[in-house]
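Have a look at the structure below, then the notes.
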Amino acid sequence: MKRELRKEQALEYHAKGRPGKIEVIPTKEAKTQRDLSLAYSPGVAEPCKEIALDVENVYKYTAKGNLVAVISNGTAVLGLGDIGPEASKPVMEGKGVLFKIFADIDVFDIEINEKDPEKFVQIVKSLEPTFGGINLEDIKAPECFYIEKKLKEQMKIPVMHDDQHGTAIISAAALLNALEIQKKKIEKAKFVVNGAGAAAIACIKLYEALGAKRENFLVFDSKGLVHESRTDLDELKQEFMSYNKNLSLQEALKDSDVFIGLSKGDVLNEDMVRSMAKNPIVFAMANPDPEISWELATGVRKDIIMATGRSDYPNQVNNVLGFPFIFRGALDVRATQINEAMKLAAVKALADLAKTPVPDIVNIAYNERNISFGANYIIPKPLDPRLLATVAPAVAKAAMESGVAKFAITNWEQYVIELNKRLGLDNQIMRILGNKARRDPKRVVFAEADNIKILKTAQIIFDEGIAYPILLGKEKRIRELAEEHKIDIEGLPIIDPQSDEQEEKRKEYGDLFFRRRQRRGVNQYESQKAMRDRNHFGCMMVESGEADAMISGLTKNYADTIRPAIQIIGTEEGVQKIAGMYLMLTKKGPLFMADTTVNFNPTAEELADITLMVAREIRNFNLVPRIAMLSYSNFGSSDSPEARLVAKATEIVKKRNPSLIVDGEMQVSMAFNKDLLKENYPFNALGDKDVNTLIFPNLAAGNVAYNLLKEVGGADAIGPILLGLKKPVHVLQLGSSVRSIVNMVIVAVVDAQLKSKASTEDLISKSPWWKRFKKTNKEI
């Protein structure tokens with residue numbers, strides 16, 4: 001009995017769960033002697049024996065099912081050519097990072113020193129016991145065709161040469177949508193393809209699978225049209241020979257519908273594009289320089305739809321839209337191959353996704369107000385968080401329906417939930433806001449710099465190019481702390497408001513403070529004395545334009561931090577009372593909550609003011625606020641004064657901003673259950689989209705709710721974000737983690753970008769720290 005118990009414990013320890021299932025505990029404990037005995041000898045013998053009895057158990061007891069090999073011999077690396085396996089390694093490692101970030105797939109990169117195709121095949125084939133899938137990369141043509149074909153024939157795990165099929169799948173999805181917008185039929189479209197390498201040939205074959213006709217293709221390589229008169233064509237190119245007149249590229253483009261460029265930069269000119277048929281489609285996918293620039297092509301033809309391989313123009317054909325999600329779907333049903341049906345499923349899923357409303361988080365990422373389907377958006381953006389839960393299930397279903405899946409997913413809704421857990425949607429908004437902050441970093445003053453967490457934060461935000469930190473406190477103490485904890489603050493400005501060096505600045509700030517507060521109970525002496533306090537000094541730096549934002553509150557109580565900000569910086573025009581808002585990072589996405597920190601029992605008018613301030617702040621992040629006004633009552637179900645107050649506040653908000661998506665009063669459960677809300681209150685204004693903003697009737701309700709969500713619900717809290725001040729001052733929670741402080745700085749920088757028109761780079765370019773920051777930010 002004891003022996004059987006140990007066996008079960010060992011098998012449980014090594015079990016990885018079914019495909020598509022995320023373990024509740026993703027890593028195994030190995031802290032005790034018992035843990036070690038389960039992880040290795042003698043416990044490890046049990047899963048070994050189970051796998052020996054049935055080789056399929058390797059997926060149950062090892063990491064094989066989530067492990068892909070990215071394999072190259074370095075013979076066609078980017079545009080660098082045959083640079084060898086060692087030189088290809090950075091590309092393969094980078095590909096592994098993308099697999100992990102976008103689809104949570106683990107990767108080993110393997111660089112093989114072998115150019116003989118048959119030997120290469122035998123080496124890769126021998127790796128099958130280790131990996132759940134093989135991604136071939138940067139292998140030159142025509143060998144890549146042979147290698148992939150042979151491996152697919154001889155291996156029982158999915159194999160894909162991404163250079164061929166990745167470009168084909170993504171461009172095919174874009175092509176379907178471009179043809180739809182241009183009102184063209186794929187079977188009638190005339191194609192000119194410039195480039196006859198692996199990617200071009202895969203594109204043509206996939207377009208044909210979608211309905212394009214072989215006779216409508218004219219294919220060019222570096223020597224001209226692939227034509228019957230040529231004697232230098234290999235077997236693959238001969239398949240795409242033209243039998244009519246031997247045309248030049250310029251002649252071929254006349255009256256053509258679609259140009260597909262997979263060659264080199266600047267091979268097209270304006271006249272060529274001008275000669276194309278009405279409503280032309282040009283996919284100039286050479287990198288880094290396309291066959292014709294976006295500016296030239298769109299300048300010549302207003303009716304054109306243009307795509308490139310570049311991220312700085314619309315319609316980027318980027319392979320990252322495909323390979324992570326295709327392999328995710330293939331792995332999760334243990335597909336034995338990636339077949340034509342799976343590739344076509346990915347194409348259609350991508351094409352359809354581009355036609356659906358774009359999430360706010362994508363608009364933020366690309367600094368757009370409202371990305372929507374059209375000539376400049378025919379393919380989803382790489383940072384769209386819906387890609388994983390859209391493409392992977394489509395690929396998995398196609399694998400099952402085409403008979404290559406060894407495992408069947410039966411609960412697709414649960415599968416989508418598990419995919420989104422892999423992605424970590426809760427952190428998406430901060431990654432995107434972080435990118436926005438890096439575009440225009442601002443000067444952030446820290447009032448409590450004699451704190452290890454603040455110093456760690458300062459190093460992080462500076463090294464990552466998020467902000468320029470200014471440290472307030474006693475310089476000796478700050479440097480001692482930094483040295484003791486190995487924190488690099490070299491070159492960062494440290495200002496001690498109490499030092500003799502700052503006497504003149506204290507007087508300047510004190511005089512300004514006195515002029516503002518002299519008839520509000522503050523005398524001259526108190527004004528000067530206040531400037532020795534770091535919160536007052538920091539707020540005055542922000543107000544006088546010597547900093548763009550301030551962060552404080554880690555060790556001070558809330559009132560001591562917020563009071564100087566109100567007195568010195570003041571409120572925005574029309575704002576009677578400031579408010580406090582929390583941004584909660586939940587598994588379902590960002591959730592804004594207010595008022596959680598300032599107003600104890602707001603009136604209906606004050607609650608309306610708070611709601612409108614919150615909506616304005618959310619819009620500043622390029623998000624559309626969808627607001628539930630909360631109560632214990634649903635649309636008049638209670639006639640209590642508290643419920644009537646929230647209902648009245650809702651009426652005021654709607655009257656003052658009719659376009660705002662807001663409704664109430666309602667219970668929290670009703671706000672988050674769209675079906676229940678629609679069934680019982682079909683008149684509600686919230687519609688089918690998820691609520692992202694909660695307005696509470698009083699401070700007690702809001703404060704308790706955000707703390708419960710943080711402590712029990714596992715959400716990260718960013719805030720409180722102060723609303724209504726002229727310039728950004730944000731207060732930390734007592735005991736905030738370094739990660740929370742970094743997130744707070746990101747919010748402050750984005751806030752400052754909106755409230756400050758000055759170029760921070762110009763303001764500080766003469767500072768000694770600028771050289772270090774500029775170098776760091778360039779590297780990022």
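Every chain in the structure tokens takes a letter, A first, then B, and so on in the order presented; its residues are numbered from 1, and the ligands are numbered from 1 following the presented order.
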
message = According to DSSP computed on the backbone, where in range 422-581 of chain A is there helix (DSSP H, G or I)? Give the residues as a ChimeraX atom specification.
response = /A:422-423,425-439,452-463,475-484,500-517,524-530,534-543,558-568

message = Applying 8 Å and only C-alpha atoms, which residues near Ile478 in chain A remain after dropping the ones on its own chain fewer than 3 positions away? List them as a PyMOL selection string.
response = chain A and resi 449-451+473-475+481-482

Store the residues of this selection in a file with C-alpha atoms, as a PDB file, in the first residue's frame.
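For reference, result-v7.pdb as written:
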```
ATOM      1  CA  ALA A 449      13.902  59.232  -2.075  1.00  0.00           C
ATOM      2  CA  ASP A 450      15.503  58.000   1.172  1.00  0.00           C
ATOM      3  CA  ASN A 451      13.643  54.724   0.712  1.00  0.00           C
ATOM      4  CA  GLY A 473      16.142  63.967   0.453  1.00  0.00           C
ATOM      5  CA  LYS A 474      19.506  64.103   2.177  1.00  0.00           C
ATOM      6  CA  GLU A 475      22.125  63.230  -0.415  1.00  0.00           C
ATOM      7  CA  LEU A 481      21.251  53.387   0.778  1.00  0.00           C
ATOM      8  CA  ALA A 482      21.958  53.049  -2.936  1.00  0.00           C
TER       9      ALA A 482
END
```

Contacts of Asp257 in chain A at 9 Å (only C-alpha atoms; same-chain gap of 3+ positions) as number ranges by chain = A: 184, 189-192, 253-254, 276-282

Shell around Phe621 in chain A at 12 Å using only C-alpha atoms, local window under 3 positions removed, as a PDB file with N, CA, C and O atoms, in the first residue's frame:
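Output file result_7.pdb follows:
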```pdb
ATOM      1  N   ASP A 360     -10.181  48.655 -26.812  1.00  0.00           N
ATOM      2  CA  ASP A 360      -9.556  49.913 -26.410  1.00  0.00           C
ATOM      3  C   ASP A 360      -8.055  49.759 -26.228  1.00  0.00           C
ATOM      4  O   ASP A 360      -7.275  50.662 -26.544  1.00  0.00           O
ATOM      5  N   ILE A 361      -7.654  48.610 -25.711  1.00  0.00           N
ATOM      6  CA  ILE A 361      -6.243  48.401 -25.386  1.00  0.00           C
ATOM      7  C   ILE A 361      -5.371  48.444 -26.642  1.00  0.00           C
ATOM      8  O   ILE A 361      -4.208  48.846 -26.606  1.00  0.00           O
ATOM      9  N   VAL A 362      -5.948  48.075 -27.787  1.00  0.00           N
ATOM     10  CA  VAL A 362      -5.212  48.130 -29.053  1.00  0.00           C
ATOM     11  C   VAL A 362      -5.107  49.578 -29.527  1.00  0.00           C
ATOM     12  O   VAL A 362      -4.064  50.003 -30.033  1.00  0.00           O
ATOM     13  N   ASN A 363      -6.189  50.338 -29.355  1.00  0.00           N
ATOM     14  CA  ASN A 363      -6.131  51.759 -29.704  1.00  0.00           C
ATOM     15  C   ASN A 363      -5.037  52.473 -28.917  1.00  0.00           C
ATOM     16  O   ASN A 363      -4.309  53.318 -29.452  1.00  0.00           O
ATOM     17  N   ILE A 364      -4.916  52.128 -27.634  1.00  0.00           N
ATOM     18  CA  ILE A 364      -3.873  52.732 -26.799  1.00  0.00           C
ATOM     19  C   ILE A 364      -2.492  52.373 -27.344  1.00  0.00           C
ATOM     20  O   ILE A 364      -1.613  53.220 -27.480  1.00  0.00           O
ATOM     21  N   ALA A 365      -2.317  51.089 -27.661  1.00  0.00           N
ATOM     22  CA  ALA A 365      -1.002  50.606 -28.092  1.00  0.00           C
ATOM     23  C   ALA A 365      -0.497  51.347 -29.316  1.00  0.00           C
ATOM     24  O   ALA A 365       0.702  51.595 -29.451  1.00  0.00           O
ATOM     25  N   TYR A 366      -1.411  51.704 -30.209  1.00  0.00           N
ATOM     26  CA  TYR A 366      -1.003  52.347 -31.459  1.00  0.00           C
ATOM     27  C   TYR A 366      -1.367  53.833 -31.495  1.00  0.00           C
ATOM     28  O   TYR A 366      -1.325  54.462 -32.544  1.00  0.00           O
ATOM     29  N   ASN A 367      -1.707  54.359 -30.305  1.00  0.00           N
ATOM     30  CA  ASN A 367      -1.976  55.794 -30.158  1.00  0.00           C
ATOM     31  C   ASN A 367      -3.046  56.269 -31.136  1.00  0.00           C
ATOM     32  O   ASN A 367      -2.923  57.323 -31.758  1.00  0.00           O
ATOM     33  N   GLU A 368      -4.088  55.453 -31.289  1.00  0.00           N
ATOM     34  CA  GLU A 368      -5.207  55.784 -32.166  1.00  0.00           C
ATOM     35  C   GLU A 368      -6.473  55.924 -31.343  1.00  0.00           C
ATOM     36  O   GLU A 368      -6.616  55.305 -30.280  1.00  0.00           O
ATOM     37  N   ARG A 369      -7.395  56.735 -31.828  1.00  0.00           N
ATOM     38  CA  ARG A 369      -8.678  56.894 -31.134  1.00  0.00           C
ATOM     39  C   ARG A 369      -9.617  55.731 -31.414  1.00  0.00           C
ATOM     40  O   ARG A 369     -10.272  55.222 -30.526  1.00  0.00           O
ATOM     41  N   ILE A 429      -2.523  46.299 -20.359  1.00  0.00           N
ATOM     42  CA  ILE A 429      -2.656  47.757 -20.379  1.00  0.00           C
ATOM     43  C   ILE A 429      -1.398  48.438 -19.864  1.00  0.00           C
ATOM     44  O   ILE A 429      -0.986  49.477 -20.380  1.00  0.00           O
ATOM     45  N   MET A 430      -0.725  47.848 -18.860  1.00  0.00           N
ATOM     46  CA  MET A 430       0.478  48.493 -18.341  1.00  0.00           C
ATOM     47  C   MET A 430       1.636  48.370 -19.321  1.00  0.00           C
ATOM     48  O   MET A 430       2.466  49.274 -19.422  1.00  0.00           O
ATOM     49  N   ILE A 432       1.289  48.456 -22.512  1.00  0.00           N
ATOM     50  CA  ILE A 432       0.990  49.427 -23.556  1.00  0.00           C
ATOM     51  C   ILE A 432       1.189  50.854 -23.052  1.00  0.00           C
ATOM     52  O   ILE A 432       1.761  51.702 -23.742  1.00  0.00           O
ATOM     53  N   LEU A 433       0.725  51.140 -21.830  1.00  0.00           N
ATOM     54  CA  LEU A 433       0.954  52.468 -21.256  1.00  0.00           C
ATOM     55  C   LEU A 433       2.452  52.722 -21.073  1.00  0.00           C
ATOM     56  O   LEU A 433       2.926  53.848 -21.247  1.00  0.00           O
ATOM     57  N   GLY A 434       3.191  51.671 -20.725  1.00  0.00           N
ATOM     58  CA  GLY A 434       4.644  51.806 -20.590  1.00  0.00           C
ATOM     59  C   GLY A 434       5.289  52.218 -21.902  1.00  0.00           C
ATOM     60  O   GLY A 434       6.180  53.077 -21.931  1.00  0.00           O
ATOM     61  N   LYS A 436       3.829  53.858 -24.251  1.00  0.00           N
ATOM     62  CA  LYS A 436       3.422  55.242 -24.490  1.00  0.00           C
ATOM     63  C   LYS A 436       4.290  56.201 -23.679  1.00  0.00           C
ATOM     64  O   LYS A 436       4.707  57.251 -24.166  1.00  0.00           O
ATOM     65  N   ALA A 437       4.583  55.844 -22.435  1.00  0.00           N
ATOM     66  CA  ALA A 437       5.429  56.694 -21.583  1.00  0.00           C
ATOM     67  C   ALA A 437       6.817  56.851 -22.189  1.00  0.00           C
ATOM     68  O   ALA A 437       7.403  57.937 -22.170  1.00  0.00           O
ATOM     69  N   LEU A 583      -6.949  52.118 -10.518  1.00  0.00           N
ATOM     70  CA  LEU A 583      -6.937  51.266 -11.698  1.00  0.00           C
ATOM     71  C   LEU A 583      -6.592  49.861 -11.222  1.00  0.00           C
ATOM     72  O   LEU A 583      -5.498  49.620 -10.721  1.00  0.00           O
ATOM     73  N   PRO A 590      -8.557  45.920 -17.546  1.00  0.00           N
ATOM     74  CA  PRO A 590      -8.510  47.016 -16.583  1.00  0.00           C
ATOM     75  C   PRO A 590      -9.893  47.383 -16.057  1.00  0.00           C
ATOM     76  O   PRO A 590     -10.880  47.353 -16.800  1.00  0.00           O
ATOM     77  N   PHE A 592     -11.632  50.493 -13.599  1.00  0.00           N
ATOM     78  CA  PHE A 592     -11.438  51.760 -12.899  1.00  0.00           C
ATOM     79  C   PHE A 592     -12.500  51.905 -11.810  1.00  0.00           C
ATOM     80  O   PHE A 592     -13.679  51.632 -12.053  1.00  0.00           O
ATOM     81  N   VAL A 614     -13.644  61.059 -13.852  1.00  0.00           N
ATOM     82  CA  VAL A 614     -13.148  59.710 -14.123  1.00  0.00           C
ATOM     83  C   VAL A 614     -13.225  59.408 -15.620  1.00  0.00           C
ATOM     84  O   VAL A 614     -12.271  58.896 -16.218  1.00  0.00           O
ATOM     85  N   ALA A 615     -14.347  59.746 -16.231  1.00  0.00           N
ATOM     86  CA  ALA A 615     -14.522  59.483 -17.665  1.00  0.00           C
ATOM     87  C   ALA A 615     -13.472  60.223 -18.485  1.00  0.00           C
ATOM     88  O   ALA A 615     -12.909  59.672 -19.448  1.00  0.00           O
ATOM     89  N   ARG A 616     -13.187  61.460 -18.097  1.00  0.00           N
ATOM     90  CA  ARG A 616     -12.193  62.253 -18.826  1.00  0.00           C
ATOM     91  C   ARG A 616     -10.803  61.628 -18.709  1.00  0.00           C
ATOM     92  O   ARG A 616     -10.054  61.549 -19.678  1.00  0.00           O
ATOM     93  N   GLU A 617     -10.459  61.164 -17.497  1.00  0.00           N
ATOM     94  CA  GLU A 617      -9.153  60.542 -17.283  1.00  0.00           C
ATOM     95  C   GLU A 617      -9.010  59.256 -18.085  1.00  0.00           C
ATOM     96  O   GLU A 617      -7.971  58.985 -18.690  1.00  0.00           O
ATOM     97  N   ILE A 618     -10.075  58.451 -18.124  1.00  0.00           N
ATOM     98  CA  ILE A 618     -10.027  57.192 -18.860  1.00  0.00           C
ATOM     99  C   ILE A 618      -9.860  57.456 -20.356  1.00  0.00           C
ATOM    100  O   ILE A 618      -9.100  56.770 -21.048  1.00  0.00           O
ATOM    101  N   VAL A 624     -12.430  53.821 -23.926  1.00  0.00           N
ATOM    102  CA  VAL A 624     -13.809  54.311 -23.896  1.00  0.00           C
ATOM    103  C   VAL A 624     -14.412  53.911 -22.549  1.00  0.00           C
ATOM    104  O   VAL A 624     -14.557  52.721 -22.256  1.00  0.00           O
ATOM    105  N   PRO A 625     -14.766  54.889 -21.692  1.00  0.00           N
ATOM    106  CA  PRO A 625     -15.351  54.533 -20.388  1.00  0.00           C
ATOM    107  C   PRO A 625     -16.751  53.955 -20.552  1.00  0.00           C
ATOM    108  O   PRO A 625     -17.568  54.492 -21.306  1.00  0.00           O
ATOM    109  N   ILE A 746       4.351  55.245 -14.467  1.00  0.00           N
ATOM    110  CA  ILE A 746       3.886  55.165 -15.860  1.00  0.00           C
ATOM    111  C   ILE A 746       2.610  55.973 -16.042  1.00  0.00           C
ATOM    112  O   ILE A 746       2.479  56.758 -16.995  1.00  0.00           O
ATOM    113  N   VAL A 747       1.676  55.808 -15.109  1.00  0.00           N
ATOM    114  CA  VAL A 747       0.418  56.570 -15.173  1.00  0.00           C
ATOM    115  C   VAL A 747       0.700  58.066 -15.072  1.00  0.00           C
ATOM    116  O   VAL A 747       0.127  58.878 -15.816  1.00  0.00           O
ATOM    117  N   ALA A 748       1.602  58.438 -14.164  1.00  0.00           N
ATOM    118  CA  ALA A 748       1.938  59.856 -13.980  1.00  0.00           C
ATOM    119  C   ALA A 748       2.560  60.447 -15.245  1.00  0.00           C
ATOM    120  O   ALA A 748       2.246  61.580 -15.632  1.00  0.00           O
ATOM    121  N   VAL A 749       3.430  59.685 -15.905  1.00  0.00           N
ATOM    122  CA  VAL A 749       4.083  60.180 -17.125  1.00  0.00           C
ATOM    123  C   VAL A 749       3.060  60.366 -18.246  1.00  0.00           C
ATOM    124  O   VAL A 749       3.052  61.391 -18.942  1.00  0.00           O
ATOM    125  N   VAL A 750       2.193  59.369 -18.428  1.00  0.00           N
ATOM    126  CA  VAL A 750       1.159  59.487 -19.463  1.00  0.00           C
ATOM    127  C   VAL A 750       0.251  60.680 -19.167  1.00  0.00           C
ATOM    128  O   VAL A 750      -0.131  61.440 -20.066  1.00  0.00           O
ATOM    129  N   ASP A 751      -0.089  60.865 -17.879  1.00  0.00           N
ATOM    130  CA  ASP A 751      -0.896  62.012 -17.457  1.00  0.00           C
ATOM    131  C   ASP A 751      -0.170  63.319 -17.776  1.00  0.00           C
ATOM    132  O   ASP A 751      -0.753  64.275 -18.305  1.00  0.00           O
ATOM    133  N   ALA A 752       1.127  63.363 -17.484  1.00  0.00           N
ATOM    134  CA  ALA A 752       1.915  64.577 -17.730  1.00  0.00           C
ATOM    135  C   ALA A 752       2.046  64.869 -19.221  1.00  0.00           C
ATOM    136  O   ALA A 752       2.091  66.028 -19.632  1.00  0.00           O
ATOM    137  N   GLN A 753       2.118  63.830 -20.042  1.00  0.00           N
ATOM    138  CA  GLN A 753       2.197  64.032 -21.493  1.00  0.00           C
ATOM    139  C   GLN A 753       0.986  64.807 -21.997  1.00  0.00           C
ATOM    140  O   GLN A 753       1.083  65.634 -22.900  1.00  0.00           O
ATOM    141  N   LEU A 754      -0.159  64.528 -21.384  1.00  0.00           N
ATOM    142  CA  LEU A 754      -1.399  65.171 -21.811  1.00  0.00           C
ATOM    143  C   LEU A 754      -1.508  66.606 -21.292  1.00  0.00           C
ATOM    144  O   LEU A 754      -2.170  67.441 -21.898  1.00  0.00           O
TER     145      LEU A 754
END
```

request  = Enumerate the residues of range 425-540 of chain A with a DSSP assignment of strand (DSSP E or B), computed from the backbone, and present them as a ChimeraX atom specification.
outcome  = /A:442-446,467-472,494-495

Residues as selected, N, CA, C and O atoms, written as a short mmCIF file (atom, residue, chain, number, x, y, z; two decimals), in the first residue's frame, can you do that?
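Wrote it out as selection.cif, contents follow:
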```
data_model
loop_
_atom_site.label_atom_id
_atom_site.label_comp_id
_atom_site.auth_asym_id
_atom_site.auth_seq_id
_atom_site.Cartn_x
_atom_site.Cartn_y
_atom_site.Cartn_z
N LYS A 442 8.90 61.91 -19.00
CA LYS A 442 8.78 63.18 -18.27
C LYS A 442 9.61 63.15 -16.99
O LYS A 442 10.03 62.09 -16.51
N ARG A 443 9.80 64.34 -16.43
CA ARG A 443 10.57 64.48 -15.18
C ARG A 443 9.64 64.21 -13.99
O ARG A 443 8.66 64.92 -13.79
N VAL A 444 9.95 63.19 -13.22
CA VAL A 444 9.12 62.81 -12.07
C VAL A 444 9.93 63.00 -10.79
O VAL A 444 11.01 62.42 -10.63
N VAL A 445 9.40 63.82 -9.88
CA VAL A 445 10.09 64.08 -8.63
C VAL A 445 9.54 63.13 -7.55
O VAL A 445 8.34 62.96 -7.41
N PHE A 446 10.46 62.50 -6.83
CA PHE A 446 10.10 61.58 -5.74
C PHE A 446 10.38 62.27 -4.42
O PHE A 446 11.53 62.59 -4.10
N ALA A 467 10.98 57.49 -17.48
CA ALA A 467 10.93 58.83 -16.90
C ALA A 467 12.33 59.25 -16.45
O ALA A 467 13.24 58.44 -16.33
N TYR A 468 12.47 60.56 -16.18
CA TYR A 468 13.69 61.11 -15.61
C TYR A 468 13.43 61.35 -14.12
O TYR A 468 12.73 62.29 -13.76
N PRO A 469 13.96 60.53 -13.24
CA PRO A 469 13.68 60.71 -11.81
C PRO A 469 14.48 61.86 -11.19
O PRO A 469 15.64 62.08 -11.53
N ILE A 470 13.84 62.59 -10.29
CA ILE A 470 14.48 63.62 -9.48
C ILE A 470 14.26 63.21 -8.03
O ILE A 470 13.12 63.00 -7.60
N LEU A 471 15.34 63.06 -7.28
CA LEU A 471 15.28 62.50 -5.94
C LEU A 471 15.35 63.60 -4.89
O LEU A 471 16.28 64.42 -4.91
N LEU A 472 14.40 63.63 -3.96
CA LEU A 472 14.41 64.60 -2.86
C LEU A 472 14.78 63.91 -1.56
O LEU A 472 14.23 62.86 -1.23
N ILE A 494 19.95 64.75 -7.12
CA ILE A 494 19.47 64.59 -5.74
C ILE A 494 19.39 65.99 -5.15
O ILE A 494 20.36 66.75 -5.14
N ILE A 495 18.23 66.35 -4.65
CA ILE A 495 18.00 67.69 -4.09
C ILE A 495 17.54 67.55 -2.65
O ILE A 495 16.57 66.83 -2.37
#
```

Write out as a Markdown table a residue-level contact list of range 188-268 of chain A versus range 326-341 of chain A with cut-off 12 Å: for each qualifying residue the closest pair of atoms and the distance in Å to one decimal, counting only C-alpha atoms, rows sorted by chain and residue number upward.
```
| residue | atom | partner | partner_atom | distance |
| --- | --- | --- | --- | --- |
| A:Ala202 | CA | A:Glu340 | CA | 11.3 |
| A:Lys205 | CA | A:Glu340 | CA | 10.2 |
| A:Leu206 | CA | A:Glu340 | CA | 8.4 |
| A:Tyr207 | CA | A:Glu340 | CA | 11.7 |
| A:Glu208 | CA | A:Glu340 | CA | 11.6 |
| A:Ala209 | CA | A:Glu340 | CA | 8.5 |
| A:Leu210 | CA | A:Glu340 | CA | 10.8 |
```

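With CA of Gln576 in chain A on one side and CA of Asp609 in chain A on the other, the separation reads 8.3 Å.
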
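Atom to atom, CA of His227 in chain A and CA of Glu239 in chain A stand 10.3 Å apart.
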
inquiry  = When you look at range 166-170 of chain A with a cut-off of 9 Å (counting only C-alpha atoms), what residues show up, excluding the ones that are within fewer than 5 positions of it in the same chain? I need them as a VMD selection string.
reply    = chain A and resid 160 to 161 175 199 to 207 317 to 323 343 to 344 346 to 347 350 to 351 379

Shortest interatomic distance to Ile105 in chain A - which of A:Leu225, A:Val68, A:Ile454, A:Leu686, counting only C-alpha atoms = A:Val68

key: Pairwise distance for CA of Leu585 in chain A and CA of Ser737 in chain A, rounded to one decimal in Å   = 14.7 Å
